[in-house]
>>> print(open('work-v6.tsv').read())   # TSV, C-alpha atoms
chain	number	residue	atom	x	y	z
A	828	MET	CA	-2.64	-19.70	-6.14
A	829	THR	CA	-4.00	-16.42	-4.72
A	830	PRO	CA	-1.18	-13.89	-4.29
A	831	ASN	CA	-0.72	-11.94	-1.08
A	832	LEU	CA	-0.49	-8.49	-2.64
A	833	GLN	CA	1.60	-6.86	0.07
A	834	ILE	CA	4.14	-9.67	0.19
A	835	GLU	CA	4.39	-9.74	-3.60
A	836	LEU	CA	4.93	-5.97	-3.77
A	837	ARG	CA	7.43	-5.90	-0.90
A	838	ARG	CA	9.67	-8.28	-2.90
A	839	PHE	CA	10.52	-5.38	-5.22
A	840	ILE	CA	11.91	-3.21	-2.41
A	841	SER	CA	15.45	-4.58	-2.27
A	842	SER	CA	18.37	-2.97	-0.47
A	843	ASN	CA	19.59	-1.87	-3.90
A	844	VAL	CA	16.31	-0.01	-4.57
A	845	VAL	CA	16.44	1.64	-1.13
A	846	SER	CA	20.05	2.67	-1.71
A	847	LYS	CA	19.20	4.21	-5.09
A	848	LEU	CA	16.16	6.03	-3.69
A	849	ASN	CA	18.28	7.42	-0.90
A	850	LYS	CA	20.48	9.17	-3.45
A	851	PHE	CA	17.49	11.52	-3.78
A	852	TYR	CA	16.19	11.67	-0.20
A	853	PHE	CA	18.97	10.98	2.36
A	854	GLU	CA	16.67	9.24	4.84
A	855	ASN	CA	17.39	6.47	7.33
A	856	ASP	CA	17.11	3.21	5.34
A	857	ALA	CA	14.78	1.56	7.86
A	858	LEU	CA	12.43	4.56	7.86
A	859	LEU	CA	12.44	4.72	4.06
A	860	ILE	CA	11.50	1.02	3.86
A	861	LYS	CA	8.78	1.57	6.45
A	862	GLY	CA	7.49	4.59	4.51
A	863	ILE	CA	7.30	2.57	1.27
A	864	ASP	CA	5.53	-0.28	3.07
A	865	VAL	CA	2.96	2.11	4.54
A	866	SER	CA	2.55	3.77	1.13
A	867	ILE	CA	1.94	0.42	-0.60
A	868	GLY	CA	-0.73	-0.46	1.98
A	869	THR	CA	-2.27	2.99	1.62
A	870	VAL	CA	-2.50	2.68	-2.17
A	871	LEU	CA	-4.04	-0.80	-1.87
A	872	MET	CA	-6.71	0.52	0.51
A	873	GLY	CA	-7.29	3.47	-1.82
A	874	LEU	CA	-8.00	0.93	-4.58
A	875	TYR	CA	-10.26	-0.98	-2.19
A	876	ASN	CA	-12.29	2.20	-1.65
A	877	LYS	CA	-12.79	2.46	-5.43
A	878	SER	CA	-14.05	-1.11	-5.80
A	879	GLU	CA	-17.68	-0.04	-6.25
A	880	GLU	CA	-16.83	2.24	-9.18
A	881	SER	CA	-17.53	0.24	-12.30
A	882	GLY	CA	-14.50	-0.15	-14.56
A	883	PHE	CA	-12.18	1.82	-12.25
A	884	TYR	CA	-9.49	-0.88	-12.03
A	885	LYS	CA	-9.23	-1.24	-15.80
A	886	GLU	CA	-9.22	2.52	-16.15
A	887	ILE	CA	-6.41	3.05	-13.62
A	888	VAL	CA	-4.26	0.32	-15.20
A	889	SER	CA	-4.79	1.88	-18.64
A	890	LEU	CA	-3.12	5.09	-17.38
A	891	ILE	CA	0.23	3.28	-17.50
A	892	GLY	CA	1.14	3.42	-21.16
A	893	GLU	CA	3.48	1.04	-22.93
A	894	ASN	CA	5.98	3.93	-23.08
A	895	SER	CA	6.03	4.26	-19.26
A	896	THR	CA	9.65	4.53	-18.16
A	897	PHE	CA	8.89	3.04	-14.75
A	898	TYR	CA	6.98	0.06	-16.17
A	899	GLY	CA	9.86	-0.69	-18.49
A	900	GLU	CA	12.30	-0.70	-15.59
A	901	VAL	CA	10.52	-3.44	-13.59
A	902	ASP	CA	11.41	-7.09	-14.08
A	903	PHE	CA	8.18	-8.70	-12.87
A	904	THR	CA	9.41	-12.27	-13.39
A	905	SER	CA	12.31	-11.96	-10.96
A	906	GLY	CA	10.63	-9.37	-8.70
A	907	ARG	CA	13.26	-6.69	-9.28
A	908	ILE	CA	13.30	-3.02	-10.16
A	909	LEU	CA	16.17	-2.70	-12.63
A	910	SER	CA	16.71	1.03	-12.46
A	911	VAL	CA	15.57	3.80	-10.15
A	912	ASP	CA	15.37	7.30	-11.52
A	913	ASP	CA	12.90	10.08	-10.81
A	914	CYS	CA	10.41	9.20	-13.58
A	915	TYR	CA	7.89	8.15	-10.92
A	916	ARG	CA	7.53	11.75	-9.73
A	917	GLU	CA	5.55	12.60	-12.84
A	918	GLU	CA	4.04	9.22	-13.69
A	919	GLY	CA	2.80	8.41	-10.18
A	920	ASN	CA	1.07	11.72	-9.61
A	921	ASP	CA	-1.68	11.09	-12.17
A	922	LEU	CA	-2.48	7.72	-10.59
A	923	LEU	CA	-2.74	9.23	-7.11
A	924	LYS	CA	-5.14	11.92	-8.31
A	925	GLU	CA	-7.45	9.18	-9.58
A	926	ILE	CA	-7.15	6.98	-6.49
A	927	PHE	CA	-7.32	9.63	-3.76
A	928	THR	CA	-8.78	12.70	-5.55
A	929	ASN	CA	-8.26	15.59	-3.12
A	930	LYS	CA	-6.82	13.55	-0.22
A	931	LYS	CA	-3.35	12.96	-1.65
A	932	GLY	CA	-1.70	15.91	0.15
A	933	ARG	CA	-3.19	15.02	3.53
A	934	ILE	CA	-2.18	11.38	3.13
A	935	SER	CA	1.44	12.16	2.24
A	936	GLU	CA	1.70	14.58	5.18
A	937	MET	CA	0.32	11.90	7.50
A	938	ILE	CA	2.88	9.38	6.16
A	939	SER	CA	5.60	11.98	6.81
A	940	ASN	CA	4.41	12.62	10.38
A	941	GLU	CA	3.70	9.05	11.41
A	942	VAL	CA	6.74	7.37	9.81
A	943	GLY	CA	9.18	10.19	10.61
A	944	ILE	CA	10.42	11.10	7.12
A	945	LYS	CA	10.55	14.42	5.29
A	946	SER	CA	7.39	15.71	3.60
A	947	GLU	CA	9.05	15.66	0.18
A	948	THR	CA	10.15	12.05	0.68
A	949	ALA	CA	6.64	11.00	1.72
A	950	ARG	CA	5.15	12.66	-1.39
A	951	GLU	CA	7.61	10.97	-3.72
A	952	ILE	CA	7.48	7.47	-2.24
A	953	LEU	CA	3.69	7.63	-2.40
A	954	ASN	CA	4.09	8.33	-6.16
A	955	PHE	CA	6.62	5.49	-6.38
A	956	SER	CA	4.33	3.08	-4.50
A	957	ALA	CA	1.29	3.96	-6.63
A	958	LEU	CA	3.29	3.22	-9.78
A	959	LEU	CA	4.61	-0.03	-8.35
A	960	VAL	CA	1.13	-1.26	-7.30
A	961	VAL	CA	-0.61	-0.30	-10.56
A	962	SER	CA	2.31	-1.58	-12.69
A	963	TYR	CA	2.09	-4.91	-10.88
A	964	LEU	CA	-1.65	-5.06	-11.64
A	965	LYS	CA	-1.03	-4.14	-15.27
A	966	ASN	CA	1.46	-7.00	-15.55
A	967	ASN	CA	-1.00	-9.37	-13.80
A	968	ILE	CA	-4.08	-8.13	-15.63
A	969	GLN	CA	-5.96	-11.36	-14.83
A	970	LEU	CA	-6.14	-10.19	-11.19
A	971	LEU	CA	-8.40	-7.24	-12.02
A	972	ASP	CA	-11.58	-9.32	-12.17
A	973	SER	CA	-11.00	-10.69	-8.66
A	974	LEU	CA	-9.21	-7.63	-7.20
A	975	LYS	CA	-12.17	-6.47	-5.13
A	976	LEU	CA	-12.47	-9.90	-3.48
A	977	LEU	CA	-8.70	-10.16	-3.04
A	978	LEU	CA	-8.51	-6.79	-1.29
A	979	GLU	CA	-11.50	-7.70	0.89
A	980	GLU	CA	-9.78	-10.94	1.97
A	981	GLN	CA	-6.47	-9.19	2.69
A	982	LYS	CA	-7.94	-5.97	4.07
A	983	ARG	CA	-7.24	-6.75	7.73
A	984	ASP	CA	-3.53	-7.45	7.17
A	985	ILE	CA	-3.15	-4.41	4.92
A	986	LEU	CA	-4.82	-2.13	7.47
A	987	ASN	CA	-2.48	-3.47	10.15
A	988	SER	CA	0.43	-1.97	8.17
A	989	ILE	CA	-1.14	1.51	8.08
A	990	HIS	CA	-0.95	4.08	10.88
A	991	PRO	CA	-4.21	5.21	12.58
A	992	GLY	CA	-4.20	8.74	11.12
A	993	ILE	CA	-3.94	7.41	7.57
A	994	LYS	CA	-6.73	4.90	8.21
A	995	ILE	CA	-9.02	7.71	9.34
A	996	ILE	CA	-8.30	9.79	6.20
A	997	LEU	CA	-9.10	6.70	4.11
A	998	GLY	CA	-12.40	6.29	5.96
A	999	PHE	CA	-11.53	3.30	8.16
A	1000	SER	CA	-11.86	3.02	11.92
A	1001	CYS	CA	-8.64	2.85	13.95
A	1002	TYR	CA	-9.95	-0.36	15.47
A	1003	GLU	CA	-10.90	-1.99	12.17
A	1004	SER	CA	-7.58	-3.80	11.97
A	1005	VAL	CA	-7.77	-5.63	15.32
A	1006	ASP	CA	-6.92	-9.24	14.54
A	1007	ASP	CA	-9.81	-11.71	14.86
A	1008	LYS	CA	-7.56	-14.13	16.73
A	1009	ASN	CA	-6.68	-11.46	19.27
A	1010	GLN	CA	-10.38	-10.72	19.80
A	1011	ALA	CA	-11.08	-14.42	20.31
A	1012	ASN	CA	-8.18	-14.71	22.77
A	1013	LEU	CA	-9.42	-11.64	24.60
A	1014	GLY	CA	-12.87	-13.18	24.87
A	1015	ARG	CA	-11.42	-16.43	26.22
A	1016	SER	CA	-9.19	-14.64	28.72
A	1017	ILE	CA	-12.11	-12.58	30.05
A	1018	PHE	CA	-14.15	-15.76	30.42
A	1019	THR	CA	-11.22	-17.43	32.24
A	1020	LEU	CA	-10.82	-14.45	34.57
A	1021	PHE	CA	-14.47	-13.92	35.39
A	1022	GLY	CA	-16.30	-17.00	34.17
A	1023	HIS	CA	-15.82	-19.10	37.28
A	1024	ASN	CA	-17.15	-16.31	39.50
A	1025	PHE	CA	-20.45	-16.24	37.64
A	1026	PHE	CA	-21.03	-19.93	36.78
>>> encode(input="work-v6.tsv", output="structure tokens")
Amino acid sequence: MTPNLQIELRRFISSNVVSKLNKFYFENDALLIKGIDVSIGTVLMGLYNKSEESGFYKEIVSLIGENSTFYGEVDFTSGRILSVDDCYREEGNDLLKEIFTNKKGRISEMISNEVGIKSETAREILNFSALLVVSYLKNNIQLLDSLKLLLEEQKRDILNSIHPGIKIILGFSCYESVDDKNQANLGRSIFTLFGHNFF
């Protein structure tokens, strides 16, 4: 069965994880969850943008070594993060440099502005989210061969979870996430409103 990447990754963000993260950041829980959700979507679209670079996915996964503290603290079978310390500050940064090159600072500032959390929090949860996404892929290494297709299929839903300013930095149009069904409904409603006048 094809996994929905965002849903799978959201499973790891339990109230316990949020509570432990808030020992560092003192943010509103709902805003922190929203910030992590936006960060996960942002990282996934960053990986989507790298899909044409041969071998990139295997390369990025290889950056998480077997001695990674974060990787060792995730129970992938039960979808739980066992411990939350600040190891992701260091470990996540290297991943973000590879995924976003020189855009990382602008993206974290945009997350801060558009979600309503502190700049420091936005920087750190982007690190945390990058580690979570890439750790998940490392644990599900069989997904790498079909990751480009998977991200293409789920792109619309992922973009819907990202604020317009972040989409623009990532190179997507603000309107790229309009749901197909909504467009079809719009077309039908316009026809219903005006169709009888013309035909």
>>> atom_distance(input="work-v6.tsv", atom1="atom CA of A:Glu947", atom2="atom CA of A:Lys982")
27.8 Å
>>> closest_residue(input="work-v6.tsv", among="A:Ile891, A:His990, A:Leu997, A:Lys975", to="A:Glu879", atoms="all atoms listed in the file")
A:Lys975
>>> residues_near_point(input="work-v6.tsv", point="(-9.2, -4.9, -20.3)", cutoff="10 Å", atoms="all atoms listed in the file", output="JSON, numbers by chain")
{"A": [882, 884, 885, 886, 888, 889, 965, 968, 969, 971, 972]}
>>> axis_aligned_box(input="work-v6.tsv", around="stretch 924-928 of chain A", padding_each_side="6 Å", output="lines of an AutoDock Vina configuration file")
center_x = -7.0
center_y = 9.8
center_z = -6.7
size_x = 15.6
size_y = 17.7
size_z = 17.8
>>> residues_around(input="work-v6.tsv", residues="A:Leu977", least_positions_apart="6", cutoff="12 Å", atoms="only C-alpha atoms", output="list in words")
Met828, Thr829, Pro830, Asn831, Leu832, Gln833, Leu871, Met872, Leu874, Tyr875, Ser878, Leu970, Leu971, Arg983, Asp984 and Ile985 of chain A
>>> residues_around(input="work-v6.tsv", residues="A:Arg933", least_positions_apart="3", cutoff="12 Å", atoms="only C-alpha atoms", output="JSON, numbers by chain")
{"A": [927, 928, 929, 930, 936, 937, 938, 939, 940, 946, 949, 950, 953, 992, 993, 994, 995, 996, 997]}
>>> write_last_selection(input="work-v6.tsv", atoms="C-alpha atoms", output="CSV table (one decimal), keeping the file's coordinate frame")
chain,number,residue,atom,x,y,z
A,927,PHE,CA,-7.3,9.6,-3.8
A,928,THR,CA,-8.8,12.7,-5.6
A,929,ASN,CA,-8.3,15.6,-3.1
A,930,LYS,CA,-6.8,13.6,-0.2
A,936,GLU,CA,1.7,14.6,5.2
A,937,MET,CA,0.3,11.9,7.5
A,938,ILE,CA,2.9,9.4,6.2
A,939,SER,CA,5.6,12.0,6.8
A,940,ASN,CA,4.4,12.6,10.4
A,946,SER,CA,7.4,15.7,3.6
A,949,ALA,CA,6.6,11.0,1.7
A,950,ARG,CA,5.2,12.7,-1.4
A,953,LEU,CA,3.7,7.6,-2.4
A,992,GLY,CA,-4.2,8.7,11.1
A,993,ILE,CA,-3.9,7.4,7.6
A,994,LYS,CA,-6.7,4.9,8.2
A,995,ILE,CA,-9.0,7.7,9.3
A,996,ILE,CA,-8.3,9.8,6.2
A,997,LEU,CA,-9.1,6.7,4.1
>>> closest_residue(input="work-v6.tsv", among="A:Asn966, A:Asn849, A:Ser866, A:Asn843", to="A:Glu941", atoms="all atoms listed in the file")
A:Ser866
>>> atom_distance(input="work-v6.tsv", atom1="atom CA of A:Gly932", atom2="atom CA of A:Phe839")
25.1 Å
>>> residues_around(input="work-v6.tsv", residues="stretch 855-860 of chain A", least_positions_apart="2", cutoff="8 Å", atoms="all atoms listed in the file", output="mmCIF file with C-alpha atoms, in the frame of the given file")
data_model
loop_
_atom_site.group_PDB
_atom_site.id
_atom_site.type_symbol
_atom_site.label_atom_id
_atom_site.label_comp_id
_atom_site.auth_asym_id
_atom_site.auth_seq_id
_atom_site.Cartn_x
_atom_site.Cartn_y
_atom_site.Cartn_z
ATOM 1 C CA ILE A 840 11.910 -3.210 -2.410
ATOM 2 C CA VAL A 845 16.440 1.640 -1.130
ATOM 3 C CA SER A 846 20.050 2.670 -1.710
ATOM 4 C CA ASN A 849 18.280 7.420 -0.900
ATOM 5 C CA PHE A 853 18.970 10.980 2.360
ATOM 6 C CA GLY A 862 7.490 4.590 4.510
ATOM 7 C CA ILE A 863 7.300 2.570 1.270
ATOM 8 C CA ASP A 864 5.530 -0.280 3.070
ATOM 9 C CA VAL A 942 6.740 7.370 9.810
ATOM 10 C CA GLY A 943 9.180 10.190 10.610
ATOM 11 C CA ILE A 944 10.420 11.100 7.120
#
>>> atom_distance(input="work-v6.tsv", atom1="atom CA of A:Phe999", atom2="atom CA of A:Lys877")
13.7 Å
>>> closest_atom_pairs(input="work-v6.tsv", of="stretch 936-985 of chain A", to="stretch 898-901 of chain A", cutoff="12 Å", atoms="all atoms listed in the file", output="Markdown table")
| residue | atom | partner | partner_atom | distance |
| --- | --- | --- | --- | --- |
| A:Phe955 | CA | A:Tyr898 | CA | 11.2 |
| A:Ala957 | CA | A:Tyr898 | CA | 11.8 |
| A:Leu958 | CA | A:Tyr898 | CA | 8.0 |
| A:Leu959 | CA | A:Tyr898 | CA | 8.2 |
| A:Val960 | CA | A:Tyr898 | CA | 10.7 |
| A:Val961 | CA | A:Tyr898 | CA | 9.4 |
| A:Ser962 | CA | A:Tyr898 | CA | 6.1 |
| A:Tyr963 | CA | A:Tyr898 | CA | 8.8 |
| A:Leu964 | CA | A:Tyr898 | CA | 11.0 |
| A:Lys965 | CA | A:Tyr898 | CA | 9.1 |
| A:Asn966 | CA | A:Tyr898 | CA | 9.0 |
>>> closest_residue(input="work-v6.tsv", among="A:Asn920, A:Ser935, A:Gln981, A:Thr896", to="A:Asn954", atoms="all atoms listed in the file")
A:Asn920
>>> closest_residue(input="work-v6.tsv", among="A:Glu980, A:Glu854, A:Glu880, A:Glu835", to="A:Lys945", atoms="only C-alpha atoms")
A:Glu854
>>> residues_near_point(input="work-v6.tsv", point="(10.4, -11.4, -9.3)", cutoff="10 Å", atoms="only C-alpha atoms", output="ChimeraX atom specification")
/A:835-836,838-839,901-908
>>> closest_residue(input="work-v6.tsv", among="A:Lys847, A:Asn876, A:Leu890, A:Gly919", to="A:Ser956", atoms="all atoms listed in the file")
A:Gly919
